[in-house]
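Structure below is entry_37.txt: compact mmCIF, C-alpha atoms.
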```txt
# COMPACT_ATOMS: atom_id res chain seq x y z
CA ASP U 1 -9.18 22.23 -9.49
CA THR U 2 -9.06 18.59 -8.42
CA GLU U 3 -12.42 18.41 -6.71
CA VAL U 4 -14.74 15.45 -6.70
CA THR U 5 -17.96 15.92 -4.76
CA GLN U 6 -20.16 13.24 -3.25
CA THR U 7 -23.61 13.31 -1.70
CA PRO U 8 -24.81 12.51 0.84
CA LYS U 9 -21.99 12.59 3.38
CA HIS U 10 -23.77 10.14 5.65
CA LEU U 11 -26.55 7.68 4.92
CA VAL U 12 -28.43 5.31 7.20
CA MET U 13 -30.73 2.86 5.47
CA GLY U 14 -32.70 -0.24 6.31
CA MET U 15 -32.23 -3.51 4.49
CA THR U 16 -35.42 -3.00 2.47
CA ASN U 17 -34.70 0.58 1.41
CA LYS U 18 -33.61 1.88 -1.97
CA LYS U 19 -31.17 4.77 -2.00
CA SER U 20 -28.60 6.32 -4.33
CA LEU U 21 -25.15 7.77 -3.89
CA LYS U 22 -24.09 10.59 -6.18
CA CYS U 23 -20.70 11.72 -7.41
CA GLU U 24 -19.75 14.68 -9.60
CA GLN U 25 -16.51 15.97 -11.12
CA HIS U 26 -15.84 18.95 -13.37
CA MET U 27 -12.23 18.24 -14.28
CA GLY U 28 -13.03 16.84 -17.71
CA HIS U 29 -11.96 13.39 -16.55
CA ARG U 30 -13.18 10.46 -18.65
CA ALA U 31 -12.77 7.66 -16.11
CA MET U 32 -14.76 7.41 -12.91
CA TYR U 33 -14.60 4.83 -10.15
CA TRP U 34 -16.53 3.49 -7.17
CA TYR U 35 -14.62 2.06 -4.23
CA LYS U 36 -15.71 0.54 -0.95
CA GLN U 37 -13.54 0.98 2.13
CA LYS U 38 -13.94 -0.83 5.42
CA ALA U 39 -12.23 0.34 8.60
CA LYS U 40 -8.45 -0.14 8.65
CA LYS U 41 -8.46 -1.57 5.11
CA PRO U 42 -7.41 -0.03 1.79
CA PRO U 43 -10.04 1.03 -0.75
CA GLU U 44 -11.50 -1.89 -2.68
CA LEU U 45 -12.47 -1.29 -6.31
CA MET U 46 -16.10 -1.94 -7.25
CA PHE U 47 -16.75 -0.40 -10.69
CA VAL U 48 -14.95 1.58 -13.35
CA TYR U 49 -16.54 3.70 -16.06
CA SER U 50 -14.49 4.83 -19.02
CA TYR U 51 -16.07 7.30 -21.47
CA GLU U 52 -19.43 6.68 -19.77
CA LYS U 53 -19.32 2.94 -20.41
CA LEU U 54 -18.90 0.32 -17.70
CA SER U 55 -15.37 -0.95 -18.12
CA ILE U 56 -14.76 -2.98 -14.97
CA ASN U 57 -17.16 -4.69 -12.59
CA GLU U 58 -15.29 -6.43 -9.80
CA SER U 59 -17.95 -9.11 -9.35
CA VAL U 60 -19.99 -6.82 -7.14
CA PRO U 61 -23.38 -8.17 -5.92
CA SER U 62 -26.35 -6.99 -7.95
CA ARG U 63 -27.75 -5.08 -4.98
CA PHE U 64 -25.23 -2.42 -6.06
CA SER U 65 -26.09 -0.89 -9.43
CA PRO U 66 -23.88 1.78 -10.98
CA GLU U 67 -24.98 4.38 -13.50
CA CYS U 68 -23.10 7.03 -15.45
CA PRO U 69 -25.64 9.53 -16.83
CA ASN U 70 -22.94 11.74 -18.38
CA SER U 71 -19.22 12.36 -18.28
CA SER U 72 -19.44 14.38 -15.05
CA LEU U 73 -21.83 12.28 -13.00
CA LEU U 74 -21.70 8.84 -11.44
CA ASN U 75 -24.41 7.23 -9.35
CA LEU U 76 -24.51 4.11 -7.24
CA HIS U 77 -27.98 2.72 -6.67
CA LEU U 78 -28.44 0.64 -3.55
CA HIS U 79 -31.18 -1.91 -2.89
CA ALA U 80 -31.69 -4.63 -0.30
CA LEU U 81 -28.32 -4.10 1.29
CA GLN U 82 -26.94 -6.16 4.15
CA PRO U 83 -25.38 -4.87 7.39
CA GLU U 84 -21.97 -6.02 6.14
CA ASP U 85 -22.29 -3.48 3.33
CA SER U 86 -21.81 -0.71 5.88
CA ALA U 87 -18.63 1.11 4.83
CA LEU U 88 -17.19 4.31 3.39
CA TYR U 89 -18.06 4.54 -0.31
CA LEU U 90 -15.59 6.53 -2.31
CA CYS U 91 -15.87 7.96 -5.78
CA ALA U 92 -12.77 8.84 -7.77
CA SER U 93 -11.96 10.17 -11.21
CA SER U 94 -8.94 10.26 -13.51
CA GLN U 95 -8.14 11.55 -16.99
CA GLY U 96 -8.40 8.03 -18.32
CA LEU U 97 -7.75 4.38 -17.53
CA ALA U 98 -4.10 4.72 -18.49
CA LYS U 99 -3.72 7.83 -16.35
CA GLY U 100 -3.61 6.46 -12.86
CA GLU U 101 -3.73 9.73 -10.96
CA GLN U 102 -7.09 9.17 -9.34
CA TYR U 103 -8.65 11.92 -7.27
CA PHE U 104 -11.04 10.88 -4.55
CA GLY U 105 -14.17 12.54 -3.30
CA PRO U 106 -14.84 12.86 0.43
CA GLY U 107 -16.92 9.69 0.50
CA THR U 108 -20.32 8.65 1.77
CA ARG U 109 -20.41 6.92 5.14
CA LEU U 110 -23.11 4.25 4.76
CA THR U 111 -24.70 2.41 7.65
CA VAL U 112 -27.14 -0.43 6.94
CA THR U 113 -29.42 -1.30 9.84
CA GLN A 1 2.28 -13.17 -2.59
CA LYS A 2 0.24 -9.99 -2.27
CA GLU A 3 0.26 -7.77 -5.33
CA VAL A 4 1.34 -4.67 -3.38
CA GLU A 5 3.03 -4.96 -0.01
CA GLN A 6 3.97 -2.20 2.38
CA ASN A 7 6.10 -2.28 5.50
CA SER A 8 3.48 -3.11 8.06
CA GLY A 9 4.19 -0.44 10.65
CA PRO A 10 2.96 1.31 12.57
CA LEU A 11 5.85 3.71 12.18
CA SER A 12 6.61 6.27 14.85
CA VAL A 13 9.17 9.04 14.33
CA PRO A 14 10.04 12.18 16.28
CA GLU A 15 9.20 15.60 14.90
CA GLY A 16 11.87 16.78 12.48
CA ALA A 17 13.07 13.28 11.58
CA ILE A 18 12.88 11.50 8.22
CA ALA A 19 10.06 9.00 7.83
CA SER A 20 10.71 6.19 5.35
CA LEU A 21 7.84 4.21 3.87
CA ASN A 22 8.42 1.23 1.62
CA CYS A 23 6.40 -0.72 -0.91
CA THR A 24 7.02 -3.68 -3.22
CA TYR A 25 4.84 -4.85 -6.09
CA SER A 26 4.49 -8.03 -8.10
CA ASP A 27 3.34 -6.85 -11.57
CA ARG A 28 6.64 -6.38 -13.41
CA GLY A 29 4.82 -4.59 -16.25
CA SER A 30 3.47 -1.80 -14.03
CA GLN A 31 4.58 1.68 -15.04
CA SER A 32 2.67 4.02 -12.72
CA PHE A 33 3.01 4.31 -8.97
CA PHE A 34 1.34 6.53 -6.41
CA TRP A 35 1.37 7.48 -2.77
CA TYR A 36 -1.84 8.50 -1.05
CA ARG A 37 -2.22 9.97 2.42
CA GLN A 38 -5.38 9.23 4.38
CA TYR A 39 -6.26 10.94 7.61
CA SER A 40 -8.57 9.10 9.98
CA GLY A 41 -12.17 9.41 8.81
CA LYS A 42 -11.19 11.13 5.55
CA SER A 43 -10.71 10.01 1.97
CA PRO A 44 -7.33 9.24 0.36
CA GLU A 45 -5.41 12.25 -0.94
CA LEU A 46 -2.89 11.87 -3.77
CA ILE A 47 0.48 13.23 -2.65
CA MET A 48 2.99 11.77 -5.12
CA SER A 49 3.07 9.99 -8.45
CA ILE A 50 6.17 8.48 -10.05
CA TYR A 51 6.64 6.83 -13.42
CA SER A 52 10.41 6.65 -14.04
CA ASN A 53 13.26 5.05 -12.15
CA GLY A 54 14.99 7.35 -9.71
CA ASP A 55 13.87 10.06 -7.34
CA LYS A 56 11.08 12.60 -7.58
CA GLU A 57 10.96 15.41 -5.07
CA ASP A 58 8.02 17.62 -4.11
CA GLY A 59 8.60 19.81 -1.10
CA ARG A 60 9.32 17.62 1.91
CA PHE A 61 8.30 14.47 0.02
CA THR A 62 10.60 12.32 -2.13
CA ALA A 63 9.36 9.28 -4.00
CA GLN A 64 11.88 6.70 -5.18
CA LEU A 65 11.27 4.04 -7.81
CA ASN A 66 13.38 1.01 -8.74
CA LYS A 67 11.57 -1.05 -11.37
CA ALA A 68 14.26 -3.72 -11.50
CA SER A 69 13.74 -4.41 -7.79
CA GLN A 70 9.98 -3.70 -8.02
CA TYR A 71 10.32 -1.28 -5.16
CA VAL A 72 8.79 2.12 -4.42
CA SER A 73 9.44 4.28 -1.41
CA LEU A 74 8.36 7.58 0.08
CA LEU A 75 10.59 9.74 2.24
CA ILE A 76 9.13 12.52 4.35
CA ARG A 77 11.76 14.98 5.52
CA ASP A 78 11.35 17.22 8.55
CA SER A 79 8.32 15.19 9.65
CA GLN A 80 5.57 17.16 11.36
CA PRO A 81 2.76 15.98 13.67
CA SER A 82 0.37 16.95 10.85
CA ASP A 83 1.98 14.19 8.74
CA SER A 84 0.49 11.59 11.09
CA ALA A 85 -1.80 9.53 8.86
CA THR A 86 -2.06 6.26 6.97
CA TYR A 87 0.06 6.20 3.81
CA LEU A 88 -1.16 4.00 0.97
CA CYS A 89 1.06 2.80 -1.86
CA ALA A 90 -0.85 2.20 -5.10
CA VAL A 91 0.18 0.59 -8.38
CA LEU A 92 -1.65 0.90 -11.71
CA GLY A 93 -2.17 -2.36 -13.55
CA SER A 94 -0.17 -2.69 -16.76
CA ALA A 95 -1.71 -2.38 -20.21
CA GLY A 96 -2.63 -5.73 -21.67
CA GLY A 97 -2.85 -7.34 -18.26
CA THR A 98 -5.93 -8.38 -16.33
CA SER A 99 -5.47 -5.44 -13.97
CA TYR A 100 -5.32 -2.72 -16.66
CA GLY A 101 -6.97 0.44 -15.39
CA LYS A 102 -7.09 -0.86 -11.83
CA LEU A 103 -5.29 0.77 -8.97
CA THR A 104 -4.11 -1.84 -6.48
CA PHE A 105 -3.42 -0.55 -2.99
CA GLY A 106 -1.11 -1.85 -0.32
CA GLN A 107 -2.52 -2.36 3.16
CA GLY A 108 -1.18 1.01 4.28
CA THR A 109 1.37 2.12 6.84
CA ILE A 110 0.23 4.14 9.84
CA LEU A 111 2.68 6.94 10.55
CA THR A 112 2.75 8.80 13.85
CA VAL A 113 4.99 11.83 14.26
CA HIS A 114 5.39 12.70 17.93
CA PRO A 115 6.46 16.15 19.17
```

Before anything else, please render the file you have as structure tokens.
Amino acid sequence: DTEVTQTPKHLVMGMTNKKSLKCEQHMGHRAMYWYKQKAKKPPELMFVYSYEKLSINESVPSRFSPECPNSSLLNLHLHALQPEDSALYLCASSQGLAKGEQYFGPGTRLTVT
Amino acid sequence: QKEVEQNSGPLSVPEGAIASLNCTYSDRGSQSFFWYRQYSGKSPELIMSIYSNGDKEDGRFTAQLNKASQYVSLLIRDSQPSDSATYLCAVLGSAGGTSYGKLTFGQGTILTVHP
């Protein structure tokens, strides 16, 4: 089973709203990732958690706040976003940082109005 | 120089033909290489991984790796219209480097297989 689930599938939020994206995997993977993907571009790495600790932060603005409550769950808290933050947000997981086979969830399509 | 470069495409092949997708990378220490397929509006799907020089076959897909030339390719035999998608080459950053644990993607090649 290589399933990563993400909720919600679609999200529309205003620039003053606070919302959260959720990601879950039950493959026993110890690394989890958040990516942002704009139209016709490849996924762009935002954050990496390894063994529930933040391992990589790709200089993402503080209006994006990741959280890893346990080894199966990954959240992305959103606050005061800008319209240019509208994108597909993808979660992925892998066995570990050295194991590059990352499996992606279906993504959350975010629109900031 | 971009870290991972793919032949820009788009690539159009007739049904039943072989589609050839190419990728070069700059990190000579990289050891892990991947091909993802992404249908329009969907998330990337891992279709091949390759770690050693040579060929790796899985069904109609063959990945080829040449570390000396820093070159990875994907061949799709007997191409079908359902193979029409964007194909993303991805390279895992090498241990000890600044990109360790990071997957760097190429810009993608759009493949269209026409009946």

Residue nearest chain U among A:Gly93, A:Gly16, A:Gly54, A:Pro115 (counting all atoms listed in the file): A:Gly93

Env of Ser20 in chain A: 10 Å cut, atoms = all atoms listed in the file, seq-sep filter 3 positions within chain, self excluded. Answer as a list in words.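 Counting all atoms listed in the file, the residues come to Asn7, Leu11, Val13, Ala17, Thr62, Ala63, Ser73, Leu74, Leu75, Ile76, Arg77 and Leu111 of chain A.
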
Please determine the contact residues of chain A with respect to chain U at a cut-off of 12 Å, counting only C-alpha atoms, and supply them as a ChimeraX atom specification. /A:4-6,30-51,85-96,98-110

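Of the listed residues A:Thr24, A:Gly97, A:Glu57, A:Pro81, the one whose atoms come nearest to Ser69 in chain A is A:Thr24, with distances taken using only C-alpha atoms.
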
So how far away is CA of Ser84 in chain A from CA of Ala19 in chain A, in Å?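 Result for CA of Ala19 in chain A versus CA of Ser84 in chain A: 10.4 Å, one decimal.
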
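From CA of Cys68 in chain U back to CA of Val112 in chain U, the distance works out to 23.9 Å.
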
One number please: CA of Gln64 in chain A to CA of Met32 in chain U, in Å, one decimal. 27.7 Å

Closest of U:Leu21, U:Met15, U:Ser93, U:Thr5 to His77 in chain U - atom-to-atom distances counting all atoms listed in the file: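 The closest residue to His77 in chain U is U:Leu21.
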
Tell me which of A:Thr112, A:Asn66, A:Asp83, A:Val72 sits closest to Leu21 in chain A, counting all atoms listed in the file.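 Between A:Thr112, A:Asn66, A:Asp83, A:Val72, the residue approaching Leu21 in chain A most closely is A:Val72.
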
Long-range neighbours of Glu15 in chain A as a list in words, 6 Å cut-off, all atoms listed in the file, 3 positions minimum in chain: Ser79, Gln80, Val113, His114 and Pro115 of chain A

So for range 84-99 of chain U, what box centre and size do we get, axis-aligned, 4 Å extra on each of the six sides, every listed atom, Å to one decimal, as lines of an AutoDock Vina configuration file?
```
center_x = -13.0
center_y = 2.8
center_z = -6.2
size_x = 26.6
size_y = 25.6
size_z = 32.6
```
